[in-house]
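**Student:** The structure under discussion is supplied below as structure tokens; questions concerning it will follow.
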Amino acid sequence: MTKKRIAIPMAGNVLSEHFGHCQAFAYVDVENNAITKVSMMDPPEHQPGTFPKWVASNGATDVIAGGMGPMAVNLFNEAGVNVFVGAPVDTAENLVKQFLAGKLTLNANYCDHDGEHGHGHGHDHGHKH
């Protein structure tokens with residue numbers, strides 16, 4: 001039984017291409033590859049490093065974003081959150097469904113990547129190898 005909590009930065013009801021400028025975050029709870037709940041939350045006032053800490057503190061396991069600066073990626077990784085960037089502008093639910101089905105082409109930044117890209121670490125992130 002796998003549970004994930006995927007956080008997605010939102011502008012209105014679709015993905016915000018600029019992580020740091022998003023208006024809200026969608027938290028999508030996933031159990032056994034099915035969406036169980038989608039909740040919207042307003043983030044705290046934006047300052048460097050605020051969003052990753054806040055998102056991690058809300059229990060996110062993964063983040064799907066359009067783009068994100070390296071500092072934010074590092075903060076997420078330090079908090080043990082996997083980062084996936086390069087997502088298209090779509091609703092949170094569609095993005096997560098496509099993500100779970102392995103249909104999104106994303107660049108992944110895993111939390112264990114010393115210069116590597118998550119290959120051969122024994123983690124199954126649902127990607128086709």
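By convention here, the chains of the structure tokens are called A, B, ... in the order presented, each chain's residues are numbered starting at 1, and ligands are numbered starting at 1 in the order presented.
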May I have the residues within 9 Å of Ala34 of chain A as a list in words, using only C-alpha atoms and disregarding those fewer than 4 positions away in the same chain?
**Tutor:** Asp29, Val30, Lys97 and Leu100 of chain A
**Student:** Which one is closest to Gln47 of chain A: A:His21, A:Thr91, A:Val96, A:Tyr27? Count only C-alpha atoms.
**Tutor:**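 Going through A:His21, A:Thr91, A:Val96, A:Tyr27 one by one, the smallest distance to Gln47 of chain A is for A:His21.
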**Student:** Would you write out, as CSV, a table of all residues in segment 21-54 of chain A that have an atom no more than 8 Å from an atom of segment 7-12 of chain A, listing for each the closest atom pair and the distance in Å to one decimal, considering only C-alpha atoms and ordering rows by chain and rising residue number?
**Tutor:**
residue,atom,partner,partner_atom,distance
A:Cys22,CA,A:Met10,CA,5.5
A:Gln23,CA,A:Ala11,CA,5.5
A:Ala24,CA,A:Met10,CA,5.2
A:Phe25,CA,A:Pro9,CA,4.5
A:Ala26,CA,A:Ile8,CA,5.1
A:Tyr27,CA,A:Ala7,CA,4.5
A:Val28,CA,A:Ala7,CA,6.3
**Student:** Among chain A, which residues does DSSP mark as helix (DSSP H, G or I) when it is run on the backbone? Keep the chain and numbering as in the structure and answer as a PyMOL selection string.
**Tutor:** chain A and resi 19-21+50-57+70-78+92-100
**Student:** Neighbouring residues of Ala79 of chain A were defined as those with any atom within 8 Å, considering only C-alpha atoms; residues of the same chain fewer than 3 positions away were excluded. Please report them as a ChimeraX atom specification.
**Tutor:** /A:53,56,75-76
**Student:** Next, the residues of the selection above should be written as a PDB file, in the first residue's frame with all heavy atoms.
**Tutor:**
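Saved to selection-v7.pdb:
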ATOM      1  N   LYS A  53       9.949  24.708   2.639  1.00  0.00           N
ATOM      2  CA  LYS A  53       9.793  24.295   4.040  1.00  0.00           C
ATOM      3  C   LYS A  53       8.322  24.107   4.379  1.00  0.00           C
ATOM      4  O   LYS A  53       7.934  23.164   5.063  1.00  0.00           O
ATOM      5  CB  LYS A  53      10.424  25.338   4.978  1.00  0.00           C
ATOM      6  CG  LYS A  53      11.939  25.373   4.872  1.00  0.00           C
ATOM      7  CD  LYS A  53      12.543  26.354   5.874  1.00  0.00           C
ATOM      8  CE  LYS A  53      14.054  26.420   5.711  1.00  0.00           C
ATOM      9  NZ  LYS A  53      14.541  27.704   5.277  1.00  0.00           N
ATOM     10  N   ALA A  56       6.912  20.942   2.617  1.00  0.00           N
ATOM     11  CA  ALA A  56       7.396  19.730   3.294  1.00  0.00           C
ATOM     12  C   ALA A  56       6.693  19.559   4.644  1.00  0.00           C
ATOM     13  O   ALA A  56       6.330  18.445   5.025  1.00  0.00           O
ATOM     14  CB  ALA A  56       8.909  19.797   3.483  1.00  0.00           C
ATOM     15  N   LEU A  75      16.354  22.651  -1.184  1.00  0.00           N
ATOM     16  CA  LEU A  75      15.610  22.667   0.076  1.00  0.00           C
ATOM     17  C   LEU A  75      14.614  21.507   0.133  1.00  0.00           C
ATOM     18  O   LEU A  75      14.447  20.870   1.172  1.00  0.00           O
ATOM     19  CB  LEU A  75      14.886  24.001   0.253  1.00  0.00           C
ATOM     20  CG  LEU A  75      15.797  25.181   0.616  1.00  0.00           C
ATOM     21  CD1 LEU A  75      15.060  26.501   0.446  1.00  0.00           C
ATOM     22  CD2 LEU A  75      16.317  25.051   2.046  1.00  0.00           C
ATOM     23  N   PHE A  76      13.956  21.236  -0.988  1.00  0.00           N
ATOM     24  CA  PHE A  76      13.032  20.098  -1.017  1.00  0.00           C
ATOM     25  C   PHE A  76      13.787  18.805  -0.789  1.00  0.00           C
ATOM     26  O   PHE A  76      13.373  17.952  -0.006  1.00  0.00           O
ATOM     27  CB  PHE A  76      12.305  20.019  -2.363  1.00  0.00           C
ATOM     28  CG  PHE A  76      11.072  20.865  -2.418  1.00  0.00           C
ATOM     29  CD1 PHE A  76      10.927  21.826  -3.396  1.00  0.00           C
ATOM     30  CD2 PHE A  76      10.049  20.692  -1.501  1.00  0.00           C
ATOM     31  CE1 PHE A  76       9.779  22.605  -3.457  1.00  0.00           C
ATOM     32  CE2 PHE A  76       8.899  21.469  -1.551  1.00  0.00           C
ATOM     33  CZ  PHE A  76       8.764  22.428  -2.531  1.00  0.00           C
TER      34      PHE A  76
END
**Student:** From a DSSP calculation on the backbone, collect every residue of segment 7-92 of chain A in strand (DSSP E) and output the set as JSON, numbers by chain.
**Tutor:** {"A": [7, 8, 9, 10, 11, 14, 15, 24, 25, 26, 27, 28, 29, 30, 31, 34, 35, 36, 37, 38, 39, 40, 41, 62, 63, 64, 65, 82, 83, 84, 85]}
**Student:** A:Asn109, A:Thr36, A:Asn58, A:Ser16: which is nearest Glu78 of chain A, counting only C-alpha atoms?
**Tutor:**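 Using only C-alpha atoms, the shortest distance to Glu78 of chain A belongs to A:Asn109.
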**Student:** Would you compute the distance between atom CA of Ala72 of chain A and atom CA of Gly59 of chain A? Give it in Å to one decimal.
**Tutor:**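 Going from atom CA of Ala72 of chain A over to atom CA of Gly59 of chain A covers 16.5 Å.
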**Student:** Tell me, as a PDB file with all heavy atoms, in the first residue's frame, which residues lie within 10 Å of Thr50 of chain A, counting only C-alpha atoms; anything in the same chain fewer than 4 positions away does not count.
**Tutor:**
ATOM      1  N   GLY A  20       7.717  30.042  -7.480  1.00  0.00           N
ATOM      2  CA  GLY A  20       7.767  31.047  -6.422  1.00  0.00           C
ATOM      3  C   GLY A  20       6.662  32.082  -6.479  1.00  0.00           C
ATOM      4  O   GLY A  20       6.476  32.845  -5.540  1.00  0.00           O
ATOM      5  N   PRO A  43      -0.242  29.458   0.438  1.00  0.00           N
ATOM      6  CA  PRO A  43       1.076  29.415   1.081  1.00  0.00           C
ATOM      7  C   PRO A  43       1.308  30.669   1.911  1.00  0.00           C
ATOM      8  O   PRO A  43       0.616  31.672   1.762  1.00  0.00           O
ATOM      9  CB  PRO A  43       2.041  29.370  -0.103  1.00  0.00           C
ATOM     10  CG  PRO A  43       1.306  30.059  -1.199  1.00  0.00           C
ATOM     11  CD  PRO A  43      -0.159  29.768  -0.992  1.00  0.00           C
ATOM     12  N   PRO A  44       2.321  30.627   2.789  1.00  0.00           N
ATOM     13  CA  PRO A  44       2.699  31.830   3.525  1.00  0.00           C
ATOM     14  C   PRO A  44       3.303  32.846   2.563  1.00  0.00           C
ATOM     15  O   PRO A  44       3.562  32.522   1.410  1.00  0.00           O
ATOM     16  CB  PRO A  44       3.755  31.331   4.512  1.00  0.00           C
ATOM     17  CG  PRO A  44       4.307  30.096   3.877  1.00  0.00           C
ATOM     18  CD  PRO A  44       3.183  29.488   3.089  1.00  0.00           C
ATOM     19  N   GLU A  45       3.532  34.033   3.047  1.00  0.00           N
ATOM     20  CA  GLU A  45       4.117  35.084   2.215  1.00  0.00           C
ATOM     21  C   GLU A  45       5.438  34.590   1.629  1.00  0.00           C
ATOM     22  O   GLU A  45       6.236  33.972   2.322  1.00  0.00           O
ATOM     23  CB  GLU A  45       4.373  36.308   3.099  1.00  0.00           C
ATOM     24  CG  GLU A  45       4.636  37.561   2.307  1.00  0.00           C
ATOM     25  CD  GLU A  45       4.850  38.746   3.230  1.00  0.00           C
ATOM     26  OE1 GLU A  45       4.211  38.801   4.294  1.00  0.00           O
ATOM     27  OE2 GLU A  45       5.670  39.596   2.884  1.00  0.00           O
ATOM     28  N   HIS A  46       5.660  34.877   0.353  1.00  0.00           N
ATOM     29  CA  HIS A  46       6.832  34.313  -0.305  1.00  0.00           C
ATOM     30  C   HIS A  46       8.120  35.030   0.064  1.00  0.00           C
ATOM     31  O   HIS A  46       8.255  36.226  -0.099  1.00  0.00           O
ATOM     32  CB  HIS A  46       6.681  34.340  -1.830  1.00  0.00           C
ATOM     33  CG  HIS A  46       7.858  33.731  -2.514  1.00  0.00           C
ATOM     34  ND1 HIS A  46       8.789  34.450  -3.211  1.00  0.00           N
ATOM     35  CD2 HIS A  46       8.266  32.441  -2.566  1.00  0.00           C
ATOM     36  CE1 HIS A  46       9.723  33.620  -3.671  1.00  0.00           C
ATOM     37  NE2 HIS A  46       9.429  32.409  -3.301  1.00  0.00           N
ATOM     38  N   TRP A  54       7.486  25.034   3.882  1.00  0.00           N
ATOM     39  CA  TRP A  54       6.053  24.971   4.170  1.00  0.00           C
ATOM     40  C   TRP A  54       5.414  23.743   3.520  1.00  0.00           C
ATOM     41  O   TRP A  54       4.635  23.026   4.142  1.00  0.00           O
ATOM     42  CB  TRP A  54       5.401  26.270   3.677  1.00  0.00           C
ATOM     43  CG  TRP A  54       3.917  26.316   3.861  1.00  0.00           C
ATOM     44  CD1 TRP A  54       3.240  26.575   5.024  1.00  0.00           C
ATOM     45  CD2 TRP A  54       2.927  26.104   2.855  1.00  0.00           C
ATOM     46  NE1 TRP A  54       1.881  26.535   4.774  1.00  0.00           N
ATOM     47  CE2 TRP A  54       1.662  26.252   3.470  1.00  0.00           C
ATOM     48  CE3 TRP A  54       2.994  25.806   1.489  1.00  0.00           C
ATOM     49  CZ2 TRP A  54       0.471  26.105   2.758  1.00  0.00           C
ATOM     50  CZ3 TRP A  54       1.810  25.662   0.786  1.00  0.00           C
ATOM     51  CH2 TRP A  54       0.562  25.814   1.415  1.00  0.00           C
ATOM     52  N   VAL A  55       5.784  23.490   2.260  1.00  0.00           N
ATOM     53  CA  VAL A  55       5.234  22.338   1.538  1.00  0.00           C
ATOM     54  C   VAL A  55       5.647  21.040   2.235  1.00  0.00           C
ATOM     55  O   VAL A  55       4.820  20.154   2.467  1.00  0.00           O
ATOM     56  CB  VAL A  55       5.695  22.351   0.061  1.00  0.00           C
ATOM     57  CG1 VAL A  55       5.400  21.018  -0.623  1.00  0.00           C
ATOM     58  CG2 VAL A  55       5.011  23.496  -0.691  1.00  0.00           C
ATOM     59  N   ALA A  72      15.446  26.103  -4.379  1.00  0.00           N
ATOM     60  CA  ALA A  72      14.209  25.462  -3.936  1.00  0.00           C
ATOM     61  C   ALA A  72      14.326  23.942  -4.050  1.00  0.00           C
ATOM     62  O   ALA A  72      13.919  23.204  -3.151  1.00  0.00           O
ATOM     63  CB  ALA A  72      13.024  25.967  -4.755  1.00  0.00           C
ATOM     64  N   LEU A  75      16.354  22.651  -1.184  1.00  0.00           N
ATOM     65  CA  LEU A  75      15.610  22.667   0.076  1.00  0.00           C
ATOM     66  C   LEU A  75      14.614  21.507   0.133  1.00  0.00           C
ATOM     67  O   LEU A  75      14.447  20.870   1.172  1.00  0.00           O
ATOM     68  CB  LEU A  75      14.886  24.001   0.253  1.00  0.00           C
ATOM     69  CG  LEU A  75      15.797  25.181   0.616  1.00  0.00           C
ATOM     70  CD1 LEU A  75      15.060  26.501   0.446  1.00  0.00           C
ATOM     71  CD2 LEU A  75      16.317  25.051   2.046  1.00  0.00           C
TER      72      LEU A  75
END
**Student:** Could you give me, as a count of residues only, the residues within 10 Å of Met71 of chain A, counting only C-alpha atoms and dropping anything in the same chain fewer than 3 positions from it?
**Tutor:** 8
**Student:** Considering only C-alpha atoms, state which residue in the set A:Arg5, A:Met40, A:Ala60, A:Gly66 is at the smallest distance from Leu104 of chain A.
**Tutor:**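 Smallest distance to Leu104 of chain A is found for A:Gly66.
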**Student:** When distances are computed from only C-alpha atoms, which of A:Phe51, A:Asp42, A:Asn32, A:Leu95 shows the smallest separation from Ile6 of chain A?
**Tutor:**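 The closest residue to Ile6 of chain A is A:Leu95.
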